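Take a look at the structure below.
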Amino acid sequence: MRFLTIFLAFFSTSIFGQSTLDAVRSKGFVACGTNTGLAGFSQPDSKGVWKGIDVDLCRAVAAAVFGDATKVRYVPATTQQRFTSLQSGEVDLLSRNTTWTLSRDASLGVNFAGVNFYDGQGFMVPKKLNIKSAKQLNGATICVQPGTTTELNLADYFRANRMTFKPVVIDKLEEVLNAYFAGRCDVFTTDVSGLVSTRGSRAPNPADHVILPEVISKEPLGPLVRHGDDRWFDIVKWSLFAMIEAEEMGLSSKNIDQQASSKDPAVQRFVGASGDLGKMLGLDNRWAFNIVKQVGNYAESFEANLKPLGFERGQNALWKDGGLLYSPPIR
Ligand SMILES: N[C@@H](CCC(=O)N[C@@H](CS)C(=O)NCC(=O)O)C(=O)O
């Protein structure tokens with residue numbers, strides 16, 4: 001099955017000649033693979049408008065390609081479906097709290113285009129169990145979704161610490177959460193961001209649940225594209241970098257109009273007033289201006305989507321502020 005989908009993806013991009021950029025242009029929208037609903041990352045609001053930092057990346061790519069961040073069609077996928085959805089060509093990119101690992105990068109026919117959220121795996125437990133450390137979880141019943149790095153790290157962690165656990169593996173997020181909140185498992189484990197997000201947005205009473213201090217893995221989350229189309233890979237990669245670089249340069253949706261006439265050569269290049277950086281990507285020279293004007297810089301996206309859920313910047317601060325976010329030069 002996996003080979004078939006990689007084979008199909010190869011045919012759809014390489015043999016029939018149409019690049020992803022051409023295909024996206026002719027259909028008039030970016031098909032973006034998202035989560036089925038994870039507050040702060042990708043989730044429709046009460047009016048059905050998709051919101052979140054992963055959604056903002058889809059919007060940034062649409063702003064870069066079309067000069068219009070609204071030209072996105074969102075295609076939700078579960079943990080299990082997400083890679084097939086990209087491999088088969090159903091979506092043009094996947095922007096969905098997905099961890100970059102060697103095995104995914106090398107064996108699924110995909111390329112990770114960067115990291116938009118540095119994370120790690122954690123454990124959430126009901127406060128009333130009075131558990132203070134993951135080391136006390138020996139014998140616990142643990143809810144987890146299949147097809148995730150979570151499932152693999154969980155097994156490693158328990159083995160390394162000579163503990164046992166009973167996995168309760170459930171495909172749909174909704175159902176895993178129902179199982180956990182109904183007490184059918186003692187523990188829910190996923191990326192810490194997923195714990196914070198679901199506790200804040202889905203727990204009947206968020207204060208009844210604690211996230212244990214241990215972070216047992218590295219989960220660099222980011223967008224991915226299919227192998228075999230470097231032009232599209234570059235566009236997605238630099239759309240993310242443009243949001244990070246804009247923050248570093250102090251360019252935001254609020255000031256970019258006035259900065260467009262700046263005499264600073266770096267700003268001139270960024271907004272497309274000088275040079276041909278957009279053209280080099282096969283885009284309009286105002287590609288990055290459009291991203292910042294319509295979507296905002298990384299900090300604006302973080303503040304709008306993650307701050308309200310209680311997230312701090314932490315590792316997701318810019319490198320110059322002690323975090324890990326770093327864009328190569330946009331020049
Ligand atoms: N980052 C991990 C986990 C990502 C993941 O899918 N987490 C779950 C739990 S927060 C999720 O988003 N589920 C939503 C869904 O299946 O629709 C991975 O890439 O495997």
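Naming scheme: A, B, ... for chains in displayed order of the structure tokens; residues 1 onward per chain; ligands 1 onward as shown.
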Could the residues that lie within 6 Å of ligand 1, counting only C-alpha atoms and all ligand atoms, be listed as number ranges by chain?
A: 35-36, 77-79, 97-99, 148-150, 172-173, 190-191, 194, 219
Got a sec to tell me which of range 7-250 of chain A DSSP assigns to strand (DSSP E), as a ChimeraX atom specification?
/A:30-34,43-44,50-51,72-76,93-94,110-112,117-119,121-126,140-144,165-169,187-191,209-211,219-221,224-226
What's the separation between CA of Gly109 in chain A and CA of Gln43 in chain A, in Å to one decimal place?
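For CA of Gly109 in chain A relative to CA of Gln43 in chain A, the distance reads 26.6 Å.
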Find the spatial neighbours of Asn290 in chain A, counting only C-alpha atoms, within a cut-off of 7 Å - ignore same-chain residues fewer than 5 positions away - and output them as an mmCIF file with N, CA and C atoms, in the first residue's frame.
data_model
loop_
_atom_site.group_PDB
_atom_site.id
_atom_site.type_symbol
_atom_site.label_atom_id
_atom_site.label_comp_id
_atom_site.auth_asym_id
_atom_site.auth_seq_id
_atom_site.Cartn_x
_atom_site.Cartn_y
_atom_site.Cartn_z
ATOM 1 N N ALA A 63 -0.706 32.852 0.262
ATOM 2 C CA ALA A 63 -0.361 34.275 0.072
ATOM 3 C C ALA A 63 0.840 34.394 -0.851
ATOM 4 N N ALA A 64 1.820 33.496 -0.687
ATOM 5 C CA ALA A 64 3.019 33.534 -1.528
ATOM 6 C C ALA A 64 2.679 33.194 -2.985
ATOM 7 N N GLY A 67 -1.009 35.613 -3.739
ATOM 8 C CA GLY A 67 -1.224 36.944 -3.172
ATOM 9 C C GLY A 67 -2.548 36.983 -2.421
#
Counting only C-alpha atoms, which of A:Leu57, A:Leu277, A:Leu38, A:Val192 gets nearest to Val115 in chain A?
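Of A:Leu57, A:Leu277, A:Leu38, A:Val192, the one nearest Val115 in chain A, counting only C-alpha atoms, is A:Leu57.
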Residues of range 286-322 of chain A at most 8 Å from range 252-263 of chain A: nearest atom pair and distance in Å, only C-alpha atoms, as a tab-separated table:
residue	atom	partner	partner_atom	distance
A:Phe289	CA	A:Ile256	CA	7.1
A:Val292	CA	A:Ser253	CA	5.3
A:Lys293	CA	A:Ser253	CA	4.4
A:Gln294	CA	A:Ser253	CA	6.7
A:Val295	CA	A:Ser253	CA	7.2
A:Gly296	CA	A:Ser253	CA	4.9
A:Asn297	CA	A:Ser252	CA	5.6
A:Glu300	CA	A:Ser252	CA	7.5
